[in-house]
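Enquirer: The following file, entry05.txt, comprises compact mmCIF, C-alpha atoms and all ligand atoms:
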# COMPACT_ATOMS: atom_id res chain seq x y z
CA MET A 7 39.04 -53.50 -102.49
CA LYS A 8 39.49 -52.19 -98.95
CA VAL A 9 42.72 -50.26 -98.39
CA GLU A 10 43.44 -49.17 -94.82
CA PHE A 11 44.85 -45.67 -94.42
CA PHE A 12 47.75 -47.09 -92.41
CA ARG A 13 48.98 -50.42 -91.10
CA HIS A 14 52.01 -50.64 -88.84
CA ALA A 15 54.74 -53.15 -89.57
CA LEU A 16 55.42 -54.28 -85.99
CA GLY A 17 55.50 -58.02 -85.49
CA ALA A 18 57.44 -60.94 -84.00
CA ALA A 19 60.80 -59.13 -83.74
CA GLU A 20 59.26 -56.30 -81.73
CA ALA A 21 57.32 -58.76 -79.52
CA GLU A 22 60.56 -60.63 -78.78
CA GLU A 23 62.41 -57.42 -77.96
CA VAL A 24 59.63 -56.39 -75.57
CA ALA A 25 59.72 -59.85 -73.94
CA ARG A 26 63.50 -59.59 -73.50
CA THR A 27 63.07 -56.12 -72.02
CA LEU A 28 60.56 -57.44 -69.47
CA GLU A 29 63.26 -59.81 -68.20
CA GLN A 30 65.44 -56.80 -67.38
CA ILE A 31 65.07 -54.55 -64.38
CA PHE A 32 64.17 -51.33 -66.21
CA LEU A 33 60.74 -50.42 -67.46
CA THR A 34 61.40 -46.69 -67.62
CA ALA A 35 64.29 -44.94 -69.43
CA GLY A 36 67.15 -47.43 -69.18
CA PRO A 37 69.57 -49.28 -71.47
CA ARG A 38 67.10 -49.86 -74.34
CA THR A 39 66.25 -46.16 -74.45
CA LYS A 40 69.97 -45.34 -74.46
CA GLN A 41 70.57 -47.84 -77.27
CA PHE A 42 67.84 -46.24 -79.35
CA GLU A 43 69.10 -42.73 -78.64
CA ASP A 44 72.61 -43.74 -79.73
CA TRP A 45 71.26 -45.31 -82.92
CA LEU A 46 69.27 -42.20 -83.82
CA ALA A 47 72.17 -39.83 -83.18
CA GLY A 48 74.45 -42.08 -85.28
CA ASN A 49 71.93 -42.28 -88.10
CA LEU A 50 71.64 -38.48 -88.21
CA GLY A 51 75.34 -37.86 -87.68
CA VAL A 52 74.87 -35.65 -84.62
CA THR A 53 76.23 -35.67 -81.06
CA GLY A 54 73.26 -37.16 -79.26
CA ALA A 55 69.54 -37.71 -78.89
CA VAL A 56 67.22 -37.69 -75.90
CA GLY A 57 64.22 -40.04 -75.91
CA VAL A 58 60.98 -38.36 -74.87
CA SER A 59 57.34 -39.32 -74.51
CA SER A 60 56.23 -37.66 -77.79
CA CYS A 61 57.35 -35.18 -80.41
CA THR A 62 55.00 -32.65 -78.81
CA MET A 63 56.88 -33.07 -75.52
CA GLY A 64 60.16 -32.82 -77.45
CA LEU A 65 59.18 -29.51 -79.08
CA PHE A 66 58.07 -28.16 -75.71
CA LEU A 67 61.26 -29.28 -73.94
CA ALA A 68 63.37 -27.83 -76.77
CA LEU A 69 61.73 -24.44 -76.20
CA LYS A 70 62.21 -24.79 -72.44
CA ALA A 71 65.87 -25.75 -72.94
CA LEU A 72 66.30 -22.37 -74.65
CA ASP A 73 64.38 -20.57 -71.85
CA ILE A 74 61.70 -19.49 -74.32
CA GLY A 75 58.45 -18.44 -72.67
CA SER A 76 56.24 -15.51 -71.85
CA GLY A 77 56.80 -12.40 -73.98
CA HIS A 78 58.70 -14.31 -76.66
CA GLU A 79 57.73 -15.11 -80.26
CA VAL A 80 58.56 -18.20 -82.29
CA ILE A 81 58.18 -18.14 -86.07
CA THR A 82 56.51 -21.22 -87.56
CA THR A 83 54.19 -22.40 -90.31
CA PRO A 84 50.40 -22.70 -90.34
CA MET A 85 50.67 -25.75 -92.63
CA THR A 86 51.38 -28.35 -89.95
CA PHE A 87 49.79 -30.46 -87.26
CA ILE A 88 48.58 -28.38 -84.31
CA ALA A 89 51.27 -29.90 -82.05
CA THR A 90 53.88 -27.59 -83.59
CA SER A 91 52.27 -24.27 -82.68
CA ASN A 92 50.58 -25.67 -79.55
CA SER A 93 54.02 -26.49 -78.09
CA ILE A 94 54.91 -22.79 -78.45
CA LEU A 95 51.70 -21.81 -76.63
CA HIS A 96 52.34 -24.38 -73.88
CA ALA A 97 55.78 -22.83 -73.35
CA GLY A 98 54.00 -19.51 -72.79
CA ALA A 99 55.29 -17.92 -76.01
CA THR A 100 53.41 -16.71 -79.10
CA PRO A 101 53.53 -18.57 -82.42
CA VAL A 102 54.02 -16.18 -85.35
CA PHE A 103 52.89 -17.82 -88.55
CA VAL A 104 54.43 -17.11 -91.93
CA ASP A 105 53.09 -18.53 -95.17
CA CYS A 106 54.44 -21.66 -96.81
CA GLU A 107 55.80 -22.37 -100.29
CA PRO A 108 53.10 -23.29 -102.81
CA VAL A 109 54.97 -26.29 -104.24
CA THR A 110 56.12 -28.15 -101.11
CA GLY A 111 53.90 -26.71 -98.37
CA ASN A 112 57.07 -26.03 -96.33
CA ILE A 113 57.73 -22.76 -94.53
CA ASP A 114 59.06 -20.26 -97.07
CA PRO A 115 62.41 -18.90 -95.80
CA ALA A 116 61.74 -15.68 -97.76
CA ASN A 117 58.79 -14.95 -95.44
CA VAL A 118 60.74 -15.52 -92.24
CA GLU A 119 62.98 -12.45 -92.16
CA PRO A 120 60.14 -9.87 -92.39
CA ALA A 121 58.43 -11.59 -89.42
CA ILE A 122 61.44 -11.25 -87.08
CA THR A 123 60.91 -8.75 -84.24
CA PRO A 124 62.90 -7.92 -81.08
CA ARG A 125 60.74 -10.55 -79.30
CA THR A 126 61.61 -13.40 -81.70
CA ARG A 127 63.52 -16.16 -79.91
CA ALA A 128 63.47 -19.10 -82.35
CA ILE A 129 62.34 -20.43 -85.73
CA MET A 130 60.41 -23.70 -85.81
CA PRO A 131 60.25 -25.15 -89.35
CA VAL A 132 58.40 -28.38 -90.17
CA HIS A 133 59.75 -30.81 -92.78
CA LEU A 134 56.25 -31.37 -94.13
CA TYR A 135 55.39 -34.89 -95.33
CA GLY A 136 59.14 -35.69 -95.11
CA HIS A 137 60.38 -33.09 -97.60
CA MET A 138 63.05 -30.99 -95.92
CA VAL A 139 62.78 -27.24 -95.62
CA ASP A 140 65.59 -25.30 -97.30
CA MET A 141 67.70 -25.47 -94.15
CA ARG A 142 70.72 -23.76 -95.70
CA ALA A 143 68.61 -20.68 -96.51
CA LEU A 144 66.92 -20.77 -93.11
CA ARG A 145 70.26 -21.16 -91.30
CA ARG A 146 71.64 -18.06 -93.04
CA ILE A 147 68.66 -15.98 -91.88
CA ALA A 148 68.81 -17.44 -88.36
CA ASP A 149 72.54 -16.68 -88.10
CA GLN A 150 72.07 -13.10 -89.30
CA HIS A 151 69.64 -12.58 -86.42
CA GLY A 152 71.27 -14.83 -83.82
CA LEU A 153 68.23 -17.13 -83.65
CA PRO A 154 68.16 -20.86 -82.88
CA ILE A 155 66.21 -23.28 -85.09
CA ILE A 156 64.06 -26.07 -83.62
CA GLU A 157 63.21 -28.49 -86.43
CA ASP A 158 59.89 -30.34 -86.31
CA CYS A 159 61.04 -33.63 -87.84
CA ALA A 160 57.89 -35.60 -86.98
CA HIS A 161 57.66 -36.61 -90.66
CA CYS A 162 61.31 -36.70 -91.51
CA ILE A 163 63.87 -39.19 -90.29
CA GLU A 164 65.16 -40.32 -93.67
CA GLY A 165 65.13 -36.96 -95.45
CA GLU A 166 68.05 -35.06 -96.96
CA ARG A 167 68.34 -31.80 -98.90
CA ASP A 168 71.47 -30.38 -100.54
CA GLY A 169 73.57 -32.77 -98.44
CA VAL A 170 71.88 -31.74 -95.16
CA ARG A 171 70.03 -34.22 -92.94
CA PRO A 172 67.49 -33.41 -90.22
CA ALA A 173 69.15 -32.11 -87.01
CA GLN A 174 72.37 -31.14 -88.79
CA LEU A 175 71.72 -27.40 -89.18
CA GLY A 176 69.15 -26.81 -86.44
CA GLU A 177 70.03 -26.41 -82.76
CA MET A 178 67.53 -29.16 -81.93
CA ALA A 179 65.37 -31.49 -84.00
CA CYS A 180 62.27 -33.25 -82.68
CA PHE A 181 61.08 -36.64 -83.94
CA SER A 182 57.80 -38.52 -83.50
CA PHE A 183 57.24 -42.25 -83.10
CA TYR A 184 53.46 -41.89 -83.02
CA ALA A 185 51.40 -44.86 -84.26
CA THR A 186 51.48 -43.89 -87.96
CA LYS A 187 55.04 -42.59 -88.25
CA ASN A 188 57.89 -44.13 -90.26
CA LEU A 189 59.28 -45.53 -86.99
CA ALA A 190 56.33 -46.22 -84.69
CA SER A 191 55.90 -47.22 -81.06
CA GLY A 192 52.33 -45.97 -80.58
CA GLU A 193 53.54 -42.88 -78.78
CA GLY A 194 57.10 -41.61 -78.42
CA GLY A 195 59.59 -39.02 -79.54
CA ALA A 196 63.19 -37.84 -79.41
CA VAL A 197 65.16 -34.62 -79.59
CA ALA A 198 68.49 -34.77 -81.43
CA SER A 199 71.20 -32.13 -81.20
CA LYS A 200 74.83 -31.44 -81.95
CA ASP A 201 75.17 -29.37 -78.76
CA PRO A 202 76.23 -31.30 -75.62
CA GLU A 203 74.98 -28.54 -73.31
CA LEU A 204 71.49 -28.57 -74.85
CA LEU A 205 71.43 -32.38 -74.65
CA LYS A 206 72.32 -32.22 -70.97
CA ARG A 207 69.57 -29.67 -70.32
CA LEU A 208 67.00 -31.74 -72.27
CA ARG A 209 67.93 -34.87 -70.31
CA ARG A 210 67.36 -33.04 -67.07
CA LEU A 211 64.13 -31.37 -68.19
CA ARG A 212 62.59 -34.68 -69.26
CA THR A 213 62.94 -36.05 -65.69
CA HIS A 214 61.65 -33.39 -63.31
CA GLY A 215 64.90 -31.40 -63.46
CA MET A 216 66.61 -34.07 -61.36
CA SER A 217 70.39 -34.30 -61.28
CA LYS A 218 70.23 -38.11 -61.74
CA GLU A 219 68.00 -40.25 -63.93
CA ALA A 220 66.47 -43.55 -62.75
CA ALA A 221 69.09 -45.72 -64.46
CA SER A 222 72.04 -43.93 -62.88
CA ARG A 223 70.26 -43.87 -59.49
CA TYR A 224 69.97 -47.64 -59.66
CA THR A 225 73.35 -48.63 -61.07
CA SER A 226 75.45 -46.92 -58.42
CA THR A 227 75.11 -46.96 -54.65
CA TYR A 228 72.51 -44.52 -53.36
CA GLN A 229 73.48 -40.90 -53.61
CA HIS A 230 71.20 -37.97 -53.00
CA TRP A 231 69.88 -36.30 -56.09
CA ASP A 232 69.15 -32.64 -56.44
CA MET A 233 66.58 -30.68 -58.43
CA LEU A 234 68.40 -28.27 -60.74
CA ASP A 235 65.62 -27.15 -63.09
CA LEU A 236 61.83 -27.06 -63.05
CA GLY A 237 61.43 -30.13 -65.24
CA TYR A 238 58.68 -32.45 -66.46
CA ASN A 239 57.89 -36.14 -66.65
CA GLY A 240 58.57 -36.60 -70.35
CA ASN A 241 61.01 -39.46 -70.84
CA MET A 242 60.85 -42.31 -73.31
CA PHE A 243 60.73 -45.68 -71.54
CA ASP A 244 62.39 -49.00 -72.35
CA ILE A 245 59.26 -50.75 -73.65
CA GLN A 246 58.87 -48.00 -76.26
CA ALA A 247 62.54 -48.31 -77.17
CA ALA A 248 62.13 -52.10 -77.43
CA LEU A 249 59.38 -51.54 -80.02
CA LEU A 250 61.57 -49.13 -81.99
CA LEU A 251 64.92 -50.91 -81.99
CA PRO A 252 64.05 -53.80 -84.35
CA GLN A 253 62.60 -51.32 -86.88
CA CYS A 254 65.87 -49.39 -87.19
CA ALA A 255 67.46 -52.04 -89.39
CA HIS A 256 64.54 -51.81 -91.86
CA LEU A 257 64.34 -48.03 -92.05
CA GLU A 258 66.01 -47.67 -95.45
CA ALA A 259 64.30 -50.69 -97.09
CA ARG A 260 60.91 -49.46 -95.92
CA TRP A 261 61.70 -45.97 -97.22
CA ARG A 262 62.55 -47.54 -100.61
CA ARG A 263 59.16 -49.25 -100.74
CA ARG A 264 57.34 -46.01 -99.86
CA GLU A 265 59.43 -44.16 -102.47
CA ALA A 266 58.38 -46.70 -105.12
CA ILE A 267 54.71 -46.33 -104.12
CA CYS A 268 54.95 -42.52 -104.27
CA ARG A 269 56.59 -42.67 -107.70
CA ARG A 270 53.79 -44.86 -108.97
CA TYR A 271 51.18 -42.49 -107.51
CA GLU A 272 52.96 -39.53 -109.14
CA GLU A 273 53.29 -41.24 -112.50
CA ALA A 274 49.64 -42.33 -112.61
CA LEU A 275 48.02 -39.26 -111.05
CA ALA A 276 49.95 -36.80 -113.25
CA ASN A 277 47.49 -37.81 -115.99
CA VAL A 278 44.32 -37.41 -113.95
CA ALA A 279 42.50 -34.13 -114.62
CA GLY A 280 41.77 -32.11 -111.48
CA VAL A 281 44.47 -33.81 -109.40
CA ALA A 282 47.80 -32.19 -108.49
CA PHE A 283 50.32 -32.93 -105.74
CA PRO A 284 53.35 -31.42 -103.98
CA ARG A 285 56.70 -31.85 -105.71
CA VAL A 286 59.95 -33.29 -104.44
CA LEU A 287 62.50 -30.64 -105.42
CA PRO A 288 65.82 -31.45 -107.13
CA GLY A 289 68.55 -32.12 -104.55
CA SER A 290 65.99 -33.46 -102.06
CA LYS A 291 65.34 -36.94 -100.73
CA SER A 292 61.89 -36.88 -99.18
CA ALA A 293 61.36 -39.18 -96.21
CA ARG A 294 58.04 -39.95 -97.93
CA HIS A 295 55.98 -39.98 -94.77
CA LEU A 296 52.68 -38.86 -96.31
CA PHE A 297 51.47 -38.75 -99.91
CA THR A 298 48.96 -35.98 -100.47
CA ILE A 299 47.00 -34.83 -103.49
CA TRP A 300 45.30 -31.51 -104.17
CA VAL A 301 41.84 -31.39 -105.67
CA ASP A 302 39.44 -28.50 -106.32
CA PRO A 303 38.63 -27.09 -102.84
CA GLY A 304 34.94 -27.02 -103.79
CA LYS A 305 35.02 -30.78 -104.40
CA ARG A 306 37.48 -31.89 -101.70
CA ASP A 307 35.01 -33.12 -99.11
CA ALA A 308 32.94 -34.93 -101.76
CA VAL A 309 36.08 -36.67 -103.08
CA LEU A 310 37.02 -37.63 -99.51
CA ALA A 311 33.57 -39.13 -98.98
CA ARG A 312 33.62 -40.97 -102.30
CA LEU A 313 37.02 -42.53 -101.61
CA GLN A 314 35.81 -43.75 -98.23
CA GLU A 315 32.67 -45.22 -99.82
CA GLU A 316 35.02 -47.18 -102.07
CA GLY A 317 36.91 -48.51 -99.02
CA ILE A 318 39.99 -46.29 -99.38
CA GLY A 319 41.33 -44.93 -96.09
CA VAL A 320 42.05 -41.20 -96.34
CA ALA A 321 42.94 -38.27 -94.11
CA VAL A 322 43.61 -34.53 -94.40
CA ASN A 323 47.11 -33.33 -93.51
CA TYR A 324 46.35 -30.56 -92.75
CA ARG A 325 43.74 -27.83 -92.63
CA ALA A 326 45.66 -24.58 -92.00
CA VAL A 327 46.18 -24.15 -88.26
CA HIS A 328 45.41 -20.40 -88.13
CA LEU A 329 41.84 -21.07 -89.32
CA LEU A 330 41.02 -23.54 -86.53
CA THR A 331 38.54 -22.13 -84.01
CA TYR A 332 40.93 -21.76 -81.06
CA TYR A 333 43.52 -19.87 -83.09
CA ARG A 334 40.93 -17.67 -84.81
CA GLU A 335 39.26 -16.76 -81.53
CA ARG A 336 42.45 -16.22 -79.55
CA PHE A 337 44.53 -14.41 -82.17
CA GLY A 338 41.94 -13.01 -84.61
CA TYR A 339 43.31 -14.89 -87.61
CA ARG A 340 41.19 -14.64 -90.74
CA ARG A 341 40.99 -16.26 -94.12
CA GLY A 342 43.31 -14.58 -96.61
CA MET A 343 46.24 -14.10 -94.22
CA TYR A 344 48.27 -17.11 -95.42
CA PRO A 345 46.95 -17.90 -98.92
CA ASN A 346 49.32 -20.77 -99.77
CA ALA A 347 48.59 -22.62 -96.51
CA GLU A 348 44.87 -22.00 -97.01
CA ARG A 349 44.90 -23.28 -100.59
CA ILE A 350 46.73 -26.45 -99.50
CA GLY A 351 44.53 -26.83 -96.42
CA ASP A 352 41.35 -26.56 -98.49
CA SER A 353 42.40 -28.93 -101.26
CA THR A 354 44.47 -31.68 -99.59
CA ILE A 355 43.63 -35.36 -99.35
CA THR A 356 46.16 -37.84 -97.95
CA LEU A 357 46.29 -41.27 -99.59
CA PRO A 358 47.43 -44.55 -98.01
CA LEU A 359 51.24 -44.87 -97.84
CA TYR A 360 53.07 -47.62 -95.96
CA PRO A 361 55.45 -50.43 -96.92
CA GLY A 362 52.82 -53.15 -96.50
CA LEU A 363 50.63 -51.79 -99.33
CA THR A 364 50.51 -54.27 -102.19
CA ASP A 365 50.87 -53.20 -105.83
CA GLN A 366 47.21 -54.16 -106.33
CA GLN A 367 46.15 -51.90 -103.47
CA VAL A 368 48.18 -49.02 -104.92
CA GLU A 369 46.42 -49.52 -108.28
CA ALA A 370 43.06 -49.67 -106.50
CA VAL A 371 43.79 -46.32 -104.83
CA ILE A 372 44.79 -44.77 -108.17
CA ALA A 373 41.64 -46.08 -109.87
CA ALA A 374 39.42 -44.83 -107.05
CA VAL A 375 41.04 -41.37 -107.09
CA SER A 376 40.62 -41.17 -110.88
CA ARG A 377 36.90 -41.99 -110.55
CA ALA A 378 36.29 -39.72 -107.56
CA ALA A 379 38.07 -36.70 -109.03
CA ALA A 380 36.36 -37.00 -112.44
C1 LIG B 401 54.19 -32.19 -88.04
C2 LIG B 401 53.96 -32.82 -86.71
N1 LIG B 401 54.50 -32.25 -85.62
C3 LIG B 401 54.33 -32.77 -84.39
C4 LIG B 401 53.59 -33.92 -84.20
C5 LIG B 401 53.39 -34.44 -82.82
O1 LIG B 401 53.92 -35.70 -82.65
P1 LIG B 401 53.54 -36.59 -81.38
O2 LIG B 401 52.21 -37.24 -81.68
O3 LIG B 401 54.66 -37.58 -81.28
O4 LIG B 401 53.47 -35.69 -80.22
C6 LIG B 401 53.00 -34.56 -85.30
C7 LIG B 401 52.22 -35.78 -85.09
O5 LIG B 401 51.45 -36.24 -85.84
C8 LIG B 401 53.19 -33.99 -86.58
O6 LIG B 401 52.64 -34.56 -87.66
Show how you would write the structure in this file as structure tokens.

Expert:
Amino acid sequence: MKVEFFRHALGAAEAEEVARTLEQIFLTAGPRTKQFEDWLAGNLGVTGAVGVSSCTMGLFLALKALDIGSGHEVITTPMTFIATSNSILHAGATPVFVDCEPVTGNIDPANVEPAITPRTRAIMPVHLYGHMVDMRALRRIADQHGLPIIEDCAHCIEGERDGVRPAQLGEMACFSFYATKNLASGEGGAVASKDPELLKRLRRLRTHGMSKEAASRYTSTYQHWDMLDLGYNGNMFDIQAALLLPQCAHLEARWRRREAICRRYEEALANVAGVAFPRVLPGSKSARHLFTIWVDPGKRDAVLARLQEEGIGVAVNYRAVHLLTYYRERFGYRRGMYPNAERIGDSTITLPLYPGLTDQQVEAVIAAVSRAAA
């Protein structure tokens, strides 16, 4: 049985919303974008959200909004997608990796404090696979050192840990609506925050630093705009928002289906020799964005190949960032520096996880993994 790695759930409702949007005047950031931003902020229980072109752009703008750049360091994790640490490099700052927890793959707050130097300007945790970092612990450390937290929430809209949701304890939280994300528009992102001043700065930075955005330039009589900041062209636009808006109502139901699939994977794969997986810790609701297993690093690539031969779509999220060629050559990183991230990076395989998977497909994945790992 063929099982795609991912299939989006966009359909007639999204097509209709796009068609309705085309009847309006705005193609760029306009009322649909605003509607989506308001929904996201309400869902997270924070002051506001700013729609941007991608999570990568969001992370970059968040750093810029804090004036982080050359000569500064930002502490982050090597167990992530390259966008996290690349955004720090694009801002002109230096990513400082600290190792992750062995059980969740999330940045280990205990490793953060020893990495703080006089050049540290922010901490950038990643809620890996949708399981939230221990934000209460991280917030305590950040407060002791007067550091802001920029959360990489690319995997984590629906998550919660110890009563804390994404964006609630960080200064800014960046979301992705990339093609395979829990809310998907192909490309897209948002930055949520409790801080009105940061939201204002982000809004300006996403449109060239202009004092007025397109929608406000249109809806009132012409007034000159000014350039207040060196900004970028990074806004979400209304067609993207039109693709996202109909999905908002299904967010929780689709999470429930992914949760049920993950529980079935966990139940069945717990009995398969040579297969382990990250744990959801007590007090945590994982957003269940990705389901990964760990196999013997010596066999990982063979298991990957075998699963694909059997028609099962797979991926690797992620090989440790510090061992990728660019990072090794530029910063001299070597194997052995972040053992937990390396162990996860060498042993991980990501299995299909999306609401449209049928029970039969889930069983086919389990059977194929059991055969391949044997
Ligand atoms: C952990 C993480 N951070 C950042 C990103 C970047 O998101 P985007 O593709 O929206 O720029 C991704 C995307 O896959 C991601 O997985």

Enquirer: Counting only C-alpha atoms and all ligand atoms, figure out which residue out of A:Asp158, A:Glu166, A:Asp140, A:Glu119 gets nearest to ligand LIG 401 (chain B).

Expert: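 Closest candidate: A:Asp158.
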
Enquirer: Using CA of His328 (chain A) and CA of Thr90 (chain A) as the two end points, give the distance in Å to one decimal.

Expert: 12.0 Å

Enquirer: All residues within 8 Å of ligand LIG 401 (chain B) are required, counting all atoms listed in the file; please report them as an MDAnalysis selection string.

Expert: chainID A and resid 59:65 86:90 132:135 158:161 181:184 186:187 193:195

Enquirer: To one decimal place, how far is CA of Asp114 (chain A) from CA of Ile147 (chain A) in Å?

Expert: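 Spanning CA of Asp114 (chain A) to CA of Ile147 (chain A) is a straight-line distance of 11.7 Å.
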
Enquirer: Could you tell me how far CA of Phe337 (chain A) lies from CA of Pro120 (chain A), in Å and to one decimal?

Expert: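 Pair CA of Phe337 (chain A) / CA of Pro120 (chain A) returns 19.2 Å.
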
Enquirer: So which residues touch Pro101 (chain A) within 7 Å, counting only C-alpha atoms, skipping near sequence neighbours fewer than 2 positions away, as a list in words?

Expert: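 Using only C-alpha atoms, the neighbours found are Glu79, Val80, Ile81, Thr82, Ser91, Ile94, Leu95, Ala99 and Phe103 of chain A.
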
Enquirer: For Leu251 (chain A), which of A:Ala190, A:Ile74, A:Val102, A:Leu153 is the closest residue, counting only C-alpha atoms?

Expert: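 The shortest atom-to-atom distance to Leu251 (chain A) comes from A:Ala190.
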
Enquirer: Neighbouring residues of region 346-353 of chain A were defined as those with any atom within 6 Å, considering all atoms listed in the file; residues of the same chain fewer than 2 positions away were excluded. Please report them as a PDB file with C-alpha atoms, in the frame of the given file.

Expert:
ATOM      1  CA  MET A  85      50.670 -25.750 -92.630  1.00  0.00           C
ATOM      2  CA  CYS A 106      54.440 -21.660 -96.810  1.00  0.00           C
ATOM      3  CA  PRO A 108      53.100 -23.290-102.810  1.00  0.00           C
ATOM      4  CA  TRP A 300      45.300 -31.510-104.170  1.00  0.00           C
ATOM      5  CA  VAL A 301      41.840 -31.390-105.670  1.00  0.00           C
ATOM      6  CA  ASP A 302      39.440 -28.500-106.320  1.00  0.00           C
ATOM      7  CA  PRO A 303      38.630 -27.090-102.840  1.00  0.00           C
ATOM      8  CA  ARG A 306      37.480 -31.890-101.700  1.00  0.00           C
ATOM      9  CA  TYR A 324      46.350 -30.560 -92.750  1.00  0.00           C
ATOM     10  CA  ARG A 325      43.740 -27.830 -92.630  1.00  0.00           C
ATOM     11  CA  ALA A 326      45.660 -24.580 -92.000  1.00  0.00           C
ATOM     12  CA  TYR A 344      48.270 -17.110 -95.420  1.00  0.00           C
TER      13      TYR A 344
END

Enquirer: Using only C-alpha atoms, can you tell me which of A:Leu175, A:Ala128, A:Ala198, A:Leu204 comes closest to Ala143 (chain A)?

Expert: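 Between A:Leu175, A:Ala128, A:Ala198, A:Leu204, the residue approaching Ala143 (chain A) most closely is A:Leu175.
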
Enquirer: For Glu265 (chain A), which of A:Asp73, A:Asp149, A:Glu164, A:Asp232 is the closest residue, counting all atoms listed in the file?

Expert: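 Smallest separation from Glu265 (chain A) among the options: A:Glu164.
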
Enquirer: Using all atoms listed in the file, what table do you get, as a Markdown table, when you list each residue of region 282-376 of chain A with an atom no more than 12 Å from region 7-19 of chain A, its nearest pair of atoms, and their distance in Å rounded to one decimal, rows by chain then rising number?

Expert:
| residue | atom | partner | partner_atom | distance |
| --- | --- | --- | --- | --- |
| A:His295 | CA | A:Phe12 | CA | 11.1 |
| A:Leu296 | CA | A:Phe12 | CA | 10.4 |
| A:Phe297 | CA | A:Phe11 | CA | 11.0 |
| A:Leu313 | CA | A:Val9 | CA | 10.1 |
| A:Gln314 | CA | A:Lys8 | CA | 9.2 |
| A:Glu315 | CA | A:Lys8 | CA | 9.8 |
| A:Glu316 | CA | A:Lys8 | CA | 7.4 |
| A:Gly317 | CA | A:Lys8 | CA | 4.5 |
| A:Ile318 | CA | A:Val9 | CA | 4.9 |
| A:Gly319 | CA | A:Phe11 | CA | 4.0 |
| A:Val320 | CA | A:Phe11 | CA | 5.6 |
| A:Ala321 | CA | A:Phe11 | CA | 7.6 |
| A:Val322 | CA | A:Phe11 | CA | 11.2 |
| A:Ile355 | CA | A:Phe11 | CA | 11.5 |
| A:Thr356 | CA | A:Phe11 | CA | 8.7 |
| A:Leu357 | CA | A:Phe11 | CA | 6.9 |
| A:Pro358 | CA | A:Phe11 | CA | 4.6 |
| A:Leu359 | CA | A:Phe12 | CA | 6.8 |
| A:Tyr360 | CA | A:Phe12 | CA | 6.4 |
| A:Pro361 | CA | A:Ala15 | CA | 7.9 |
| A:Gly362 | CA | A:Arg13 | CA | 7.2 |
| A:Leu363 | CA | A:Val9 | CA | 8.1 |
| A:Thr364 | CA | A:Val9 | CA | 9.6 |
| A:Asp365 | CA | A:Val9 | CA | 11.4 |
| A:Gln366 | CA | A:Met7 | CA | 9.1 |
| A:Gln367 | CA | A:Val9 | CA | 6.3 |
| A:Val368 | CA | A:Val9 | CA | 8.6 |
| A:Glu369 | CA | A:Met7 | CA | 10.2 |
| A:Ala370 | CA | A:Met7 | CA | 6.8 |
| A:Val371 | CA | A:Val9 | CA | 7.6 |
| A:Ile372 | CA | A:Val9 | CA | 11.4 |
| A:Ala373 | CA | A:Met7 | CA | 10.8 |
| A:Ala374 | CA | A:Met7 | CA | 9.8 |

Enquirer: Quick one: residues within 9 Å of (65.1, -10.3, -79.8) (file frame), counting only C-alpha atoms, please, as a ChimeraX atom specification.

Expert: /A:78-79,122-127,151-153

Enquirer: Might you pull out every residue within 9 Å of Ala71 (chain A), with only C-alpha atoms counted and same-chain residues fewer than 4 positions away left off, and present them as an MDAnalysis selection string?

Expert: chainID A and resid 66:67 204:205 207:208 211

Enquirer: For Glu203 (chain A), find every residue with an atom within 12 Å (counting only C-alpha atoms), except residues of its own chain fewer than 2 positions away, and show them as a PDB file with C-alpha atoms, in the frame of the given file.

Expert:
ATOM      1  CA  THR A  53      76.230 -35.670 -81.060  1.00  0.00           C
ATOM      2  CA  GLY A  54      73.260 -37.160 -79.260  1.00  0.00           C
ATOM      3  CA  ALA A  71      65.870 -25.750 -72.940  1.00  0.00           C
ATOM      4  CA  LEU A  72      66.300 -22.370 -74.650  1.00  0.00           C
ATOM      5  CA  GLU A 177      70.030 -26.410 -82.760  1.00  0.00           C
ATOM      6  CA  MET A 178      67.530 -29.160 -81.930  1.00  0.00           C
ATOM      7  CA  SER A 199      71.200 -32.130 -81.200  1.00  0.00           C
ATOM      8  CA  LYS A 200      74.830 -31.440 -81.950  1.00  0.00           C
ATOM      9  CA  ASP A 201      75.170 -29.370 -78.760  1.00  0.00           C
ATOM     10  CA  LEU A 205      71.430 -32.380 -74.650  1.00  0.00           C
ATOM     11  CA  LYS A 206      72.320 -32.220 -70.970  1.00  0.00           C
ATOM     12  CA  ARG A 207      69.570 -29.670 -70.320  1.00  0.00           C
ATOM     13  CA  LEU A 208      67.000 -31.740 -72.270  1.00  0.00           C
ATOM     14  CA  ARG A 209      67.930 -34.870 -70.310  1.00  0.00           C
ATOM     15  CA  ARG A 210      67.360 -33.040 -67.070  1.00  0.00           C
TER      16      ARG A 210
END

Enquirer: Using only C-alpha atoms, which of A:Ala282, A:Leu329, A:Ala21, A:Ala311 sits nearest Thr354 (chain A)?

Expert: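 Of the candidates, the smallest distance to Thr354 (chain A) is held by A:Ala282.
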
Enquirer: Measuring atom to atom with only C-alpha atoms, identify which of A:Asn323, A:Thr27, A:Ser93, A:Ser292 is nearest to Arg269 (chain A).

Expert: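 Checking each candidate against Arg269 (chain A), we get A:Ser292 as the closest.
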
Enquirer: Could you name the residues that touch Gln246 (chain A) at 12 Å or less, counting only C-alpha atoms, but leaving out those on the same chain fewer than 2 positions away, as number ranges by chain?

Expert: A: 20-21, 23-24, 27-28, 32-43, 57-60, 182-185, 189-196, 241-244, 248-253
